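Coordinates as given in run-v9.tsv (TSV, C-alpha atoms):
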chain	number	residue	atom	x	y	z
A	3	MET	CA	4.06	7.83	10.21
A	4	ARG	CA	7.32	6.64	8.63
A	5	MET	CA	7.26	3.37	6.71
A	6	PRO	CA	9.01	1.48	3.88
A	7	ALA	CA	7.42	1.74	0.45
A	8	ALA	CA	8.21	0.87	-3.17
A	9	VAL	CA	8.83	4.20	-4.94
A	10	LEU	CA	9.11	4.73	-8.69
A	11	ARG	CA	11.00	7.93	-9.55
A	12	ALA	CA	11.57	7.48	-13.29
A	13	THR	CA	10.11	5.19	-15.94
A	14	SER	CA	12.30	2.47	-17.41
A	15	THR	CA	12.02	1.70	-21.13
A	16	GLU	CA	15.60	0.73	-21.99
A	17	ARG	CA	16.13	-2.58	-20.19
A	18	PRO	CA	14.07	-5.45	-18.72
A	19	TYR	CA	12.63	-4.93	-15.25
A	20	GLY	CA	15.08	-7.28	-13.57
A	21	ALA	CA	18.10	-5.49	-15.03
A	22	SER	CA	16.92	-1.91	-14.67
A	23	ARG	CA	15.54	-2.19	-11.12
A	24	PRO	CA	13.52	1.04	-11.48
A	25	VAL	CA	11.64	0.69	-8.17
A	26	GLU	CA	13.44	1.32	-4.88
A	27	ILE	CA	12.38	0.61	-1.30
A	28	GLU	CA	12.50	3.93	0.54
A	29	GLU	CA	11.42	5.32	3.90
A	30	VAL	CA	8.48	7.65	3.30
A	31	GLU	CA	6.16	9.67	5.50
A	32	LEU	CA	2.44	8.89	5.43
A	33	GLY	CA	0.01	11.44	6.85
A	34	ASP	CA	-2.92	10.64	9.13
A	35	PRO	CA	-6.35	9.95	7.64
A	36	ARG	CA	-8.45	13.05	7.05
A	37	GLU	CA	-12.22	13.29	7.04
A	38	GLY	CA	-13.64	10.40	5.02
A	39	GLU	CA	-10.35	8.49	4.91
A	40	VAL	CA	-9.09	5.20	6.36
A	41	ARG	CA	-5.65	3.91	7.30
A	42	VAL	CA	-5.14	0.25	6.34
A	43	ARG	CA	-2.30	-2.08	7.32
A	44	ILE	CA	-1.46	-3.88	4.09
A	45	ALA	CA	-1.63	-7.67	4.52
A	46	ALA	CA	-1.11	-8.77	0.90
A	47	ALA	CA	-0.69	-7.06	-2.45
A	48	SER	CA	-0.80	-8.51	-5.96
A	49	LEU	CA	1.34	-7.41	-8.90
A	50	CYS	CA	-0.87	-6.29	-11.78
A	51	HIS	CA	0.25	-5.56	-15.33
A	52	SER	CA	-1.02	-2.00	-14.81
A	53	ASP	CA	1.79	-1.54	-12.26
A	54	LEU	CA	4.34	-2.64	-14.88
A	55	SER	CA	2.75	-0.30	-17.42
A	56	VAL	CA	3.52	2.62	-15.12
A	57	VAL	CA	7.09	1.41	-14.68
A	58	ASN	CA	7.80	1.21	-18.42
A	59	GLY	CA	5.95	4.43	-19.25
A	60	ASP	CA	3.06	2.92	-21.22
A	61	ARG	CA	0.64	4.30	-18.64
A	62	VAL	CA	1.72	7.86	-17.89
A	63	ARG	CA	1.41	8.87	-14.24
A	64	PRO	CA	2.92	11.70	-12.17
A	65	LEU	CA	6.19	10.72	-10.51
A	66	PRO	CA	7.57	9.96	-7.99
A	67	MET	CA	4.88	7.47	-7.02
A	68	VAL	CA	4.36	4.62	-4.56
A	69	LEU	CA	3.08	1.75	-6.68
A	70	GLY	CA	0.52	-0.96	-5.98
A	71	HIS	CA	-3.24	-0.84	-6.42
A	72	GLU	CA	-4.47	-4.42	-5.91
A	73	ALA	CA	-4.40	-5.36	-2.22
A	74	VAL	CA	-6.12	-6.35	0.98
A	75	GLY	CA	-5.54	-5.29	4.57
A	76	VAL	CA	-6.88	-4.52	8.02
A	77	VAL	CA	-8.36	-1.17	9.03
A	78	GLU	CA	-6.29	0.46	11.78
A	79	GLU	CA	-7.72	3.98	11.99
A	80	THR	CA	-10.60	5.95	10.52
A	81	GLY	CA	-11.03	9.67	10.04
A	82	SER	CA	-14.15	11.59	10.95
A	83	GLY	CA	-17.25	10.83	8.93
A	84	VAL	CA	-16.30	7.23	8.10
A	85	ARG	CA	-19.37	5.03	8.55
A	86	ASP	CA	-19.03	1.71	6.76
A	87	VAL	CA	-15.84	0.29	8.32
A	88	GLU	CA	-14.07	0.39	11.67
A	89	ALA	CA	-10.76	-0.66	13.17
A	90	GLY	CA	-10.17	-4.40	12.84
A	91	ASP	CA	-12.25	-4.88	9.69
A	92	HIS	CA	-10.67	-6.78	6.79
A	93	VAL	CA	-11.02	-4.80	3.57
A	94	ALA	CA	-10.24	-5.17	-0.12
A	95	LEU	CA	-8.86	-2.00	-1.69
A	96	VAL	CA	-10.55	-0.62	-4.81
A	97	PHE	CA	-8.64	1.45	-7.36
A	98	VAL	CA	-11.70	3.36	-8.64
A	99	PRO	CA	-13.64	4.98	-5.79
A	100	SER	CA	-16.92	6.77	-6.51
A	101	CYS	CA	-18.13	10.11	-5.16
A	102	GLY	CA	-21.84	9.22	-5.46
A	103	ARG	CA	-22.69	12.74	-6.67
A	104	CYS	CA	-21.46	13.17	-10.24
A	105	ALA	CA	-23.50	12.40	-13.37
A	106	ARG	CA	-21.82	9.03	-13.93
A	107	CYS	CA	-22.46	7.93	-10.37
A	108	GLY	CA	-26.07	9.10	-10.72
A	109	GLU	CA	-26.40	6.94	-13.86
A	110	GLY	CA	-25.36	3.89	-11.87
A	111	ARG	CA	-21.88	3.78	-13.48
A	112	PRO	CA	-19.58	4.50	-10.52
A	113	ALA	CA	-16.53	3.04	-12.25
A	114	LEU	CA	-16.64	6.13	-14.51
A	115	CYS	CA	-16.82	8.60	-11.60
A	116	ALA	CA	-15.46	11.98	-12.74
A	117	ALA	CA	-14.12	12.97	-9.32
A	118	ALA	CA	-12.30	9.65	-8.96
A	119	ALA	CA	-10.77	9.94	-12.42
A	120	GLU	CA	-9.47	13.43	-11.59
A	121	ALA	CA	-8.04	12.32	-8.23
A	122	ASN	CA	-6.43	9.20	-9.68
A	123	GLY	CA	-4.90	11.13	-12.57
A	124	SER	CA	-3.39	13.73	-10.24
A	125	GLY	CA	-1.86	11.16	-7.90
A	126	GLY	CA	-3.98	12.36	-5.00
A	127	LEU	CA	-6.92	10.91	-3.09
A	128	LEU	CA	-10.65	11.40	-3.51
A	129	HIS	CA	-10.81	13.64	-0.42
A	130	GLY	CA	-7.63	15.63	-0.89
A	131	PRO	CA	-4.05	15.82	-2.15
A	132	SER	CA	-1.36	13.22	-1.59
A	133	LEU	CA	-0.46	12.28	1.98
A	134	LEU	CA	2.91	10.79	1.01
A	135	ARG	CA	6.23	12.59	1.43
A	136	GLY	CA	9.83	11.56	0.77
A	137	SER	CA	12.72	11.80	3.23
A	138	GLY	CA	13.41	15.34	2.06
A	139	GLY	CA	9.78	16.37	2.38
A	140	GLU	CA	9.03	16.22	-1.34
A	141	LEU	CA	5.58	15.15	-2.47
A	142	ILE	CA	5.15	11.53	-3.58
A	143	HIS	CA	2.03	10.54	-5.50
A	144	HIS	CA	-0.48	7.78	-4.79
A	145	GLN	CA	-1.15	5.18	-7.47
A	146	LEU	CA	-4.86	5.02	-8.27
A	147	GLY	CA	-5.77	6.22	-4.78
A	148	VAL	CA	-4.15	3.18	-3.12
A	149	SER	CA	-0.30	2.81	-3.19
A	150	ALA	CA	-0.34	-0.64	-1.66
A	151	PHE	CA	3.34	-1.57	-2.09
A	152	ALA	CA	3.96	-0.22	1.41
A	153	ARG	CA	3.46	-1.14	5.03
A	154	TYR	CA	0.34	1.05	5.29
A	155	ALA	CA	-2.01	2.96	3.00
A	156	VAL	CA	-4.36	5.85	3.69
A	157	VAL	CA	-7.27	5.73	1.25
A	158	ALA	CA	-10.72	7.20	0.78
A	159	GLN	CA	-13.48	5.27	2.55
A	160	GLU	CA	-14.92	4.78	-0.94
A	161	SER	CA	-11.77	2.79	-1.82
A	162	VAL	CA	-12.38	0.00	0.70
A	163	VAL	CA	-14.90	-2.84	0.73
A	164	LYS	CA	-15.35	-4.89	3.88
A	165	ILE	CA	-14.81	-8.62	3.37
A	166	PRO	CA	-15.32	-11.68	5.62
A	167	GLN	CA	-12.38	-12.34	7.93
A	168	ASP	CA	-12.13	-16.00	6.93
A	169	VAL	CA	-11.10	-15.17	3.36
A	170	PRO	CA	-7.31	-15.73	3.02
A	171	PHE	CA	-5.39	-12.54	2.36
A	172	SER	CA	-3.56	-14.15	-0.57
A	173	VAL	CA	-6.90	-14.72	-2.29
A	174	ALA	CA	-8.61	-11.49	-1.28
A	175	SER	CA	-5.73	-9.39	-2.60
A	176	MET	CA	-6.99	-10.05	-6.14
A	177	PHE	CA	-10.55	-8.87	-5.49
A	178	GLY	CA	-9.78	-5.20	-6.09
A	179	CYS	CA	-8.59	-5.56	-9.70
A	180	ALA	CA	-8.21	-9.01	-11.28
A	181	VAL	CA	-11.59	-10.31	-10.11
A	182	LEU	CA	-13.39	-7.05	-10.81
A	183	THR	CA	-11.91	-6.90	-14.31
A	184	GLY	CA	-12.24	-10.52	-15.36
A	185	ALA	CA	-15.54	-11.45	-13.76
A	186	GLY	CA	-16.93	-7.99	-14.48
A	187	ALA	CA	-16.17	-8.37	-18.19
A	188	VAL	CA	-18.24	-11.54	-18.30
A	189	ILE	CA	-21.12	-10.63	-16.01
A	190	ASN	CA	-21.48	-6.87	-16.59
A	191	THR	CA	-19.95	-6.01	-19.97
A	192	ALA	CA	-20.79	-9.14	-21.97
A	193	GLY	CA	-23.92	-9.86	-19.93
A	194	VAL	CA	-23.45	-13.63	-20.25
A	195	ARG	CA	-26.58	-15.66	-19.50
A	196	PRO	CA	-26.98	-19.34	-18.51
A	197	GLY	CA	-26.35	-21.68	-21.41
A	198	GLN	CA	-24.35	-19.22	-23.51
A	199	SER	CA	-20.80	-20.21	-24.50
A	200	VAL	CA	-17.70	-18.28	-23.45
A	201	ALA	CA	-14.09	-18.37	-24.70
A	202	VAL	CA	-11.39	-16.79	-22.53
A	203	HIS	CA	-8.05	-16.02	-24.21
A	204	GLY	CA	-5.16	-15.70	-21.74
A	205	LEU	CA	-5.29	-17.26	-18.27
A	206	GLY	CA	-3.50	-14.86	-15.99
A	207	GLY	CA	-5.24	-13.39	-12.96
A	208	VAL	CA	-7.80	-11.51	-15.07
A	209	GLY	CA	-8.42	-14.43	-17.45
A	210	LEU	CA	-8.88	-16.95	-14.65
A	211	SER	CA	-11.28	-14.53	-12.97
A	212	ALA	CA	-13.21	-14.43	-16.25
A	213	VAL	CA	-13.41	-18.23	-16.15
A	214	LEU	CA	-14.83	-18.01	-12.63
A	215	GLY	CA	-17.27	-15.33	-13.77
A	216	ALA	CA	-18.40	-17.49	-16.67
A	217	ARG	CA	-18.94	-20.43	-14.33
A	218	ALA	CA	-20.92	-18.23	-11.93
A	219	ALA	CA	-23.04	-16.93	-14.84
A	220	GLY	CA	-23.96	-20.50	-15.85
A	221	ALA	CA	-22.15	-20.40	-19.18
A	222	TRP	CA	-21.54	-23.65	-21.12
A	223	PRO	CA	-19.28	-24.58	-22.73
A	224	ILE	CA	-16.42	-22.50	-21.29
A	225	VAL	CA	-13.29	-22.62	-23.46
A	226	ALA	CA	-10.05	-21.50	-21.79
A	227	VAL	CA	-7.14	-20.70	-24.13
A	228	ASP	CA	-3.49	-20.31	-23.10
A	229	PRO	CA	-0.16	-21.76	-24.31
A	230	SER	CA	0.82	-22.69	-20.73
A	231	PRO	CA	-0.30	-26.22	-19.71
A	232	ALA	CA	-0.17	-25.24	-16.02
A	233	LYS	CA	-2.57	-22.35	-16.59
A	234	ARG	CA	-4.95	-24.53	-18.58
A	235	GLU	CA	-4.93	-27.11	-15.79
A	236	LEU	CA	-5.72	-24.42	-13.21
A	237	ALA	CA	-8.57	-23.18	-15.42
A	238	LEU	CA	-10.03	-26.70	-15.47
A	239	ARG	CA	-9.80	-26.91	-11.68
A	240	LEU	CA	-11.54	-23.54	-11.33
Now that the file is in, can you turn its structure into structure tokens?
Amino acid sequence: MRMPAAVLRATSTERPYGASRPVEIEEVELGDPREGEVRVRIAAASLCHSDLSVVNGDRVRPLPMVLGHEAVGVVEETGSGVRDVEAGDHVALVFVPSCGRCARCGEGRPALCAAAAEANGSGGLLHGPSLLRGSGGELIHHQLGVSAFARYAVVAQESVVKIPQDVPFSVASMFGCAVLTGAGAVINTAGVRPGQSVAVHGLGGVGLSAVLGARAAGAWPIVAVDPSPAKRELALRL
């Protein structure tokens, strides 16, 4: 399948993003889903600072690469062996899949899955090498097993989570990274309990998700800190 995608071929450290324009929209070839994989039509994708860290070279990744790891879409096709989703399902994409077999997965810590870390670091997928090719046939890498800045993505079934169809795509696109990171820091890492106080410094997507996580955990008071009045107002509304 040929499709447009945002491809990064070289990191940019010399000039600001707007001036350097390091990412180009190119026509790329995307292979069909293999066993255990799913093809998703991307409905919405968020821009995460981790994407910018790949662009400026702070986060070293194999290039060229199709960027984007925080997104939501609709399942269009499934490979053999896929059980949990089917065509038509709305899914949030997850940038850390889990094999379910390694020691970390066995310990109940799937975010530290060894197989996923190896696949993500190589620019491939959990069930095999990259399915992306450039116009000349050269290999293009996946970002964190997703590569959502494109019309479609083929991902491991472990990289999708089915969501209700009444959740707006613009909201659900943040589930796969910002919400996991911010709310997870409060609920899982800090283990906040009802009645404990929480201060959140920085109210971007991750910080606002931490505010939501603190509210869900029953924290009080919740102190939201940011120099932007608009962000502080949004934190109060949340």
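Every protein, DNA or RNA residue with an atom at most 12 Å from Cys115 (chain A), where only C-alpha atoms count and chain neighbours fewer than 3 positions away do not, is listed here: Phe97, Val98, Pro99, Ser100, Cys101, Gly102, Arg103, Cys104, Ala105, Arg106, Cys107, Gly108, Glu109, Gly110, Arg111, Pro112, Ala118, Ala119, Glu120, Ala121, Asn122, Leu128 and Glu160 of chain A.
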Those residues you just picked out, can you put them in a file as a short mmCIF file (atom, residue, chain, number, x, y, z; two decimals), in the coordinates of the input with C-alpha atoms?
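Final output, saved to out.cif:
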data_model
loop_
_atom_site.label_atom_id
_atom_site.label_comp_id
_atom_site.auth_asym_id
_atom_site.auth_seq_id
_atom_site.Cartn_x
_atom_site.Cartn_y
_atom_site.Cartn_z
CA PHE A 97 -8.64 1.45 -7.36
CA VAL A 98 -11.70 3.36 -8.64
CA PRO A 99 -13.64 4.98 -5.79
CA SER A 100 -16.92 6.77 -6.51
CA CYS A 101 -18.13 10.11 -5.16
CA GLY A 102 -21.84 9.22 -5.46
CA ARG A 103 -22.69 12.74 -6.67
CA CYS A 104 -21.46 13.17 -10.24
CA ALA A 105 -23.50 12.40 -13.37
CA ARG A 106 -21.82 9.03 -13.93
CA CYS A 107 -22.46 7.93 -10.37
CA GLY A 108 -26.07 9.10 -10.72
CA GLU A 109 -26.40 6.94 -13.86
CA GLY A 110 -25.36 3.89 -11.87
CA ARG A 111 -21.88 3.78 -13.48
CA PRO A 112 -19.58 4.50 -10.52
CA ALA A 118 -12.30 9.65 -8.96
CA ALA A 119 -10.77 9.94 -12.42
CA GLU A 120 -9.47 13.43 -11.59
CA ALA A 121 -8.04 12.32 -8.23
CA ASN A 122 -6.43 9.20 -9.68
CA LEU A 128 -10.65 11.40 -3.51
CA GLU A 160 -14.92 4.78 -0.94
#
Task: Residues near Arg36 (chain A), cut-off 10 Å, all atoms listed in the file, skip fewer than 2 positions along chain, as a list of chain:residue names - done: A:Gly33, A:Asp34, A:Gly38, A:Glu39, A:Val40, A:Arg41, A:Thr80, A:Gly81, A:Ser82, A:Gly83, A:Val84, A:His129, A:Gly130, A:Leu133, A:Val156, A:Val157, A:Ala158
TODO: Choose the residue, out of A:Leu10, A:Leu69, A:Ala116, A:Ala212, that has the smallest atom-to-atom separation from Val181 (chain A); count only C-alpha atoms.
DONE: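 Under the stated criterion, the closest residue is A:Ala212.
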Open item on the list: Report as a list in words all protein, DNA and RNA residues lying within 8 Å of Glu29 (chain A), evaluated on all atoms listed in the file, omitting residues in the same chain fewer than 3 positions from it.
Closed with: Arg4, Met5, Pro6, Ala7, Gly136 and Ser137 of chain A
Open item on the list: Neighbouring residues of Val30 (chain A) were defined as those with any atom within 12 Å, considering only C-alpha atoms; residues of the same chain fewer than 5 positions away were excluded. Please report them as a list of chain:residue names.
Closed with: A:Met3, A:Arg4, A:Met5, A:Pro6, A:Ala7, A:Ala8, A:Val9, A:Pro66, A:Met67, A:Val68, A:Leu133, A:Leu134, A:Arg135, A:Gly136, A:Ser137, A:Gly138, A:Gly139, A:Glu140, A:Leu141, A:Ile142, A:His143, A:Ser149, A:Phe151, A:Ala152, A:Arg153, A:Tyr154, A:Ala155
Task: d(CA of Ala117 (chain A), CA of Gly184 (chain A)) in Å - done: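 That distance, rounded to one decimal, is 24.3 Å.
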